[in-house]
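Asks: This is the structure, below, for whatever I ask next.
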Amino acid sequence: MANVPFESYFNDGELPPGFPGMEVDLGPKDIFNKVNEDAAVIAHGVAVVRGATDKTCKIAGATTDSPLGISVRHNVPSAGVNGVPGYGRYAAVPIMAKGRIWVTAYENVTRGAPVFARVSDGALGVTNTGLALPNCVWDTTTFATNLGIVKMNLA
């Protein structure tokens with residue numbers, strides 16, 4: 001059997017693309033669950049903040065919210081509401097606070113730039129008028145509406 005370089009499995013060294021909210025690799029990570037307290041569906045791969053009580057969460061609504069992490073696409077079906085994929089009210093939301101995760105950038109981003117969340121829907125970008133996610137950086141350079149990787153250590 002011929003030796004096949006490791007890189008050939010990943011398109012000449014690049015990771016295969018995933019879906020928003022998917023874990024990038026098997027590296028160290030911290031994922032936990034909270035309950036969506038809000039009527040708004042929490043999509044996969046968006047910023048999630050603390051809710052009103054200890055065990056709840058919601059989509060970022062203000063720049064003063066306390067970020068928990070980014071919502072994870074889980075293997076348990078998450079139908080959302082009215083055909084919108086994600087986690088509806090009272091659904092358990094898996095949240096990554098440490099690790100690398102695929103997300104959709106709402107604007108052009110560059111590798112190493114800090115991560116900010118748009119407060120209307122939790123979408124991620126680099127515009128510093130949104131909610132800052134401390135200790136989080138873009139691990140890839142990508143264009144608006146395309147997949148990118150966020151590396152974070154909120155734990």
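Scheme for the structure tokens: letters A, B, ... for chains in order shown; per-chain residue numbers from 1; ligand numbers from 1 in order shown.
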Give me the residues within 8 Å of Val24 of chain A as a CSV table (one decimal) with C-alpha atoms, in the first residue's frame, counting only C-alpha atoms and dropping any in the same chain fewer than 2 places off.

Replies:
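Saved file out.csv follows:
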chain,number,residue,atom,x,y,z
A,18,GLY,CA,-18.2,22.0,8.3
A,22,MET,CA,-19.7,22.2,14.4
A,26,LEU,CA,-10.9,16.8,18.7
A,100,ARG,CA,-12.4,25.8,17.9
A,101,ILE,CA,-15.8,26.0,16.2
A,102,TRP,CA,-17.1,26.6,12.7
A,149,ILE,CA,-13.2,29.2,12.5

Asks: Per residue of segment 1-118 of chain A within 7 Å of segment 130-142 of chain A, note the shortest atom pair and the distance in Å to one decimal, counting only C-alpha atoms, and order the rows by chain and increasing residue number, as CSV.

Replies:
residue,atom,partner,partner_atom,distance
A:Ala62,CA,A:Leu131,CA,6.9
A:Thr63,CA,A:Leu131,CA,4.3
A:Pro67,CA,A:Leu133,CA,6.5
A:Asn108,CA,A:Thr142,CA,5.9
A:Val109,CA,A:Thr142,CA,5.5
A:Thr110,CA,A:Thr141,CA,4.1
A:Arg111,CA,A:Thr140,CA,4.5
A:Gly112,CA,A:Trp138,CA,5.3
A:Ala113,CA,A:Val137,CA,5.4
A:Pro114,CA,A:Val137,CA,4.5
A:Val115,CA,A:Val137,CA,5.4
A:Phe116,CA,A:Ala132,CA,4.5
A:Ala117,CA,A:Leu131,CA,4.9
A:Arg118,CA,A:Gly130,CA,5.0

Asks: Limited to C-alpha atoms, could you put the picked residues into a file as an mmCIF file, in the first residue's frame?

Replies:
data_model
loop_
_atom_site.group_PDB
_atom_site.id
_atom_site.type_symbol
_atom_site.label_atom_id
_atom_site.label_comp_id
_atom_site.auth_asym_id
_atom_site.auth_seq_id
_atom_site.Cartn_x
_atom_site.Cartn_y
_atom_site.Cartn_z
ATOM 1 C CA ALA A 62 -26.939 44.198 24.488
ATOM 2 C CA THR A 63 -23.217 44.946 24.558
ATOM 3 C CA PRO A 67 -21.096 35.958 27.068
ATOM 4 C CA ASN A 108 -15.203 39.949 6.173
ATOM 5 C CA VAL A 109 -12.816 38.809 8.907
ATOM 6 C CA THR A 110 -9.072 38.221 9.151
ATOM 7 C CA ARG A 111 -7.134 35.641 11.090
ATOM 8 C CA GLY A 112 -6.131 36.860 14.556
ATOM 9 C CA ALA A 113 -8.849 39.532 14.756
ATOM 10 C CA PRO A 114 -10.961 39.711 17.935
ATOM 11 C CA VAL A 115 -14.499 38.319 17.792
ATOM 12 C CA PHE A 116 -17.605 40.435 18.330
ATOM 13 C CA ALA A 117 -21.258 39.389 18.280
ATOM 14 C CA ARG A 118 -24.027 41.401 16.641
#

Asks: Find the residues around Ile42 of chain A up to 9 Å (only C-alpha atoms counted), leave out those fewer than 4 positions away in its own chain, and share them as a PDB file with N, CA and C atoms, in the first residue's frame.

Replies:
ATOM      1  N   ASN A  36     -32.635  27.607  26.773  1.00  0.00           N
ATOM      2  CA  ASN A  36     -33.003  28.853  26.095  1.00  0.00           C
ATOM      3  C   ASN A  36     -34.236  29.433  26.771  1.00  0.00           C
ATOM      4  N   ASP A  38     -35.605  32.374  26.022  1.00  0.00           N
ATOM      5  CA  ASP A  38     -36.249  33.360  25.161  1.00  0.00           C
ATOM      6  C   ASP A  38     -37.070  32.692  24.059  1.00  0.00           C
ATOM      7  N   VAL A  46     -23.771  30.777  16.946  1.00  0.00           N
ATOM      8  CA  VAL A  46     -23.933  32.191  17.290  1.00  0.00           C
ATOM      9  C   VAL A  46     -23.577  32.404  18.754  1.00  0.00           C
ATOM     10  N   ALA A  47     -23.328  33.662  19.131  1.00  0.00           N
ATOM     11  CA  ALA A  47     -22.982  33.984  20.512  1.00  0.00           C
ATOM     12  C   ALA A  47     -24.194  33.802  21.419  1.00  0.00           C
ATOM     13  N   VAL A  48     -23.936  33.200  22.580  1.00  0.00           N
ATOM     14  CA  VAL A  48     -24.968  32.952  23.578  1.00  0.00           C
ATOM     15  C   VAL A  48     -24.522  33.623  24.872  1.00  0.00           C
ATOM     16  N   LYS A  58     -29.612  32.959  26.403  1.00  0.00           N
ATOM     17  CA  LYS A  58     -30.363  33.629  25.335  1.00  0.00           C
ATOM     18  C   LYS A  58     -29.376  34.174  24.316  1.00  0.00           C
ATOM     19  N   ILE A  59     -29.919  34.707  23.228  1.00  0.00           N
ATOM     20  CA  ILE A  59     -29.080  35.377  22.220  1.00  0.00           C
ATOM     21  C   ILE A  59     -28.665  36.735  22.777  1.00  0.00           C
ATOM     22  N   SER A  71     -23.067  28.692  20.373  1.00  0.00           N
ATOM     23  CA  SER A  71     -23.954  27.525  20.313  1.00  0.00           C
ATOM     24  C   SER A  71     -23.391  26.463  19.387  1.00  0.00           C
ATOM     25  N   GLY A  80     -35.855  23.741  16.049  1.00  0.00           N
ATOM     26  CA  GLY A  80     -36.109  25.173  16.117  1.00  0.00           C
ATOM     27  C   GLY A  80     -37.595  25.462  16.072  1.00  0.00           C
ATOM     28  N   PRO A  85     -33.721  26.474  11.824  1.00  0.00           N
ATOM     29  CA  PRO A  85     -32.927  25.514  12.590  1.00  0.00           C
ATOM     30  C   PRO A  85     -32.280  26.159  13.808  1.00  0.00           C
ATOM     31  N   GLY A  86     -32.248  25.426  14.883  1.00  0.00           N
ATOM     32  CA  GLY A  86     -31.643  25.922  16.104  1.00  0.00           C
ATOM     33  C   GLY A  86     -32.396  25.423  17.314  1.00  0.00           C
ATOM     34  N   TYR A  87     -32.261  26.135  18.401  1.00  0.00           N
ATOM     35  CA  TYR A  87     -32.826  25.732  19.679  1.00  0.00           C
ATOM     36  C   TYR A  87     -33.924  26.708  20.097  1.00  0.00           C
ATOM     37  N   GLY A  88     -35.155  26.223  20.145  1.00  0.00           N
ATOM     38  CA  GLY A  88     -36.296  27.053  20.525  1.00  0.00           C
ATOM     39  C   GLY A  88     -36.379  27.249  22.025  1.00  0.00           C
ATOM     40  N   ARG A  89     -37.427  27.942  22.450  1.00  0.00           N
ATOM     41  CA  ARG A  89     -37.641  28.216  23.866  1.00  0.00           C
ATOM     42  C   ARG A  89     -37.691  26.903  24.657  1.00  0.00           C
ATOM     43  N   VAL A  93     -29.457  24.027  25.151  1.00  0.00           N
ATOM     44  CA  VAL A  93     -28.536  24.571  24.156  1.00  0.00           C
ATOM     45  C   VAL A  93     -27.107  24.181  24.530  1.00  0.00           C
ATOM     46  N   ASP A 121     -28.774  39.311  16.714  1.00  0.00           N
ATOM     47  CA  ASP A 121     -28.974  37.886  16.435  1.00  0.00           C
ATOM     48  C   ASP A 121     -27.806  36.995  16.864  1.00  0.00           C
ATOM     49  N   GLY A 122     -26.784  37.558  17.470  1.00  0.00           N
ATOM     50  CA  GLY A 122     -25.644  36.777  17.928  1.00  0.00           C
ATOM     51  C   GLY A 122     -24.662  36.390  16.845  1.00  0.00           C
TER      52      GLY A 122
END

Asks: Where does DSSP see strand (DSSP E) in segment 41-119 of chain A, if you list the residues as a PyMOL selection string?

Replies: chain A and resi 47-50+56-59+67-71+92-104+114-117

Asks: Output C-alpha atoms for every residue in that selection, as a compact mmCIF listing (two decimals), in the first residue's frame.

Replies:
# COMPACT_ATOMS: atom_id res chain seq x y z
CA ALA A 47 -22.98 33.98 20.51
CA VAL A 48 -24.97 32.95 23.58
CA VAL A 49 -25.17 34.99 26.79
CA ARG A 50 -26.34 34.42 30.36
CA THR A 56 -30.68 29.72 31.30
CA CYS A 57 -29.25 31.45 28.25
CA LYS A 58 -30.36 33.63 25.34
CA ILE A 59 -29.08 35.38 22.22
CA PRO A 67 -21.10 35.96 27.07
CA LEU A 68 -21.17 32.22 27.76
CA GLY A 69 -19.82 31.02 24.39
CA ILE A 70 -21.04 29.90 20.97
CA SER A 71 -23.95 27.52 20.31
CA ALA A 92 -31.23 22.61 25.99
CA VAL A 93 -28.54 24.57 24.16
CA PRO A 94 -25.01 23.09 23.98
CA ILE A 95 -22.53 25.96 24.34
CA MET A 96 -18.80 25.88 23.64
CA ALA A 97 -16.68 28.10 25.87
CA LYS A 98 -13.29 26.69 24.93
CA GLY A 99 -12.13 25.16 21.66
CA ARG A 100 -12.44 25.77 17.92
CA ILE A 101 -15.81 26.00 16.20
CA TRP A 102 -17.13 26.64 12.66
CA VAL A 103 -19.27 29.78 12.36
CA THR A 104 -20.67 31.96 9.58
CA PRO A 114 -10.96 39.71 17.94
CA VAL A 115 -14.50 38.32 17.79
CA PHE A 116 -17.60 40.44 18.33
CA ALA A 117 -21.26 39.39 18.28

Asks: Just give me the gap between atom CA of Glu107 of chain A and atom CA of Gly27 of chain A in Å, one decimal is fine.

Replies: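 Separation between atom CA of Glu107 of chain A and atom CA of Gly27 of chain A: 26.8 Å.
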
Asks: DSSP says helix (DSSP H, G or I) for which residues of chain A? Put them as a list in words?

Replies: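 DSSP-assigned helix (DSSP H, G or I) residues in chain A: Phe6, Glu7, Ser8, Tyr9 and Phe10 of chain A.
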
Asks: Could you check which of A:Tyr106, A:Val119, A:Phe19, A:Val35 is closest to Asp65 of chain A, using only C-alpha atoms?

Replies: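 Looking only at the distances to Asp65 of chain A, the closest residue turns out to be A:Val119.
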
Asks: Hey, which of A:Asn146, A:Pro28, A:Gly61, A:Ser66 ends up closest to Ser120 of chain A? Count only C-alpha atoms.

Replies: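 Closest candidate: A:Gly61.
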
Asks: Grab the atom CA of Ala43 of chain A to atom CA of Leu147 of chain A distance for me, in Å with one decimal place.

Replies: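 It comes out at 14.4 Å.
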
Asks: Could you tell me how far atom CA of Thr129 of chain A lies from atom CA of Ala91 of chain A, in Å and to one decimal?

Replies: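 Distance reported for this atom pair: 29.2 Å.
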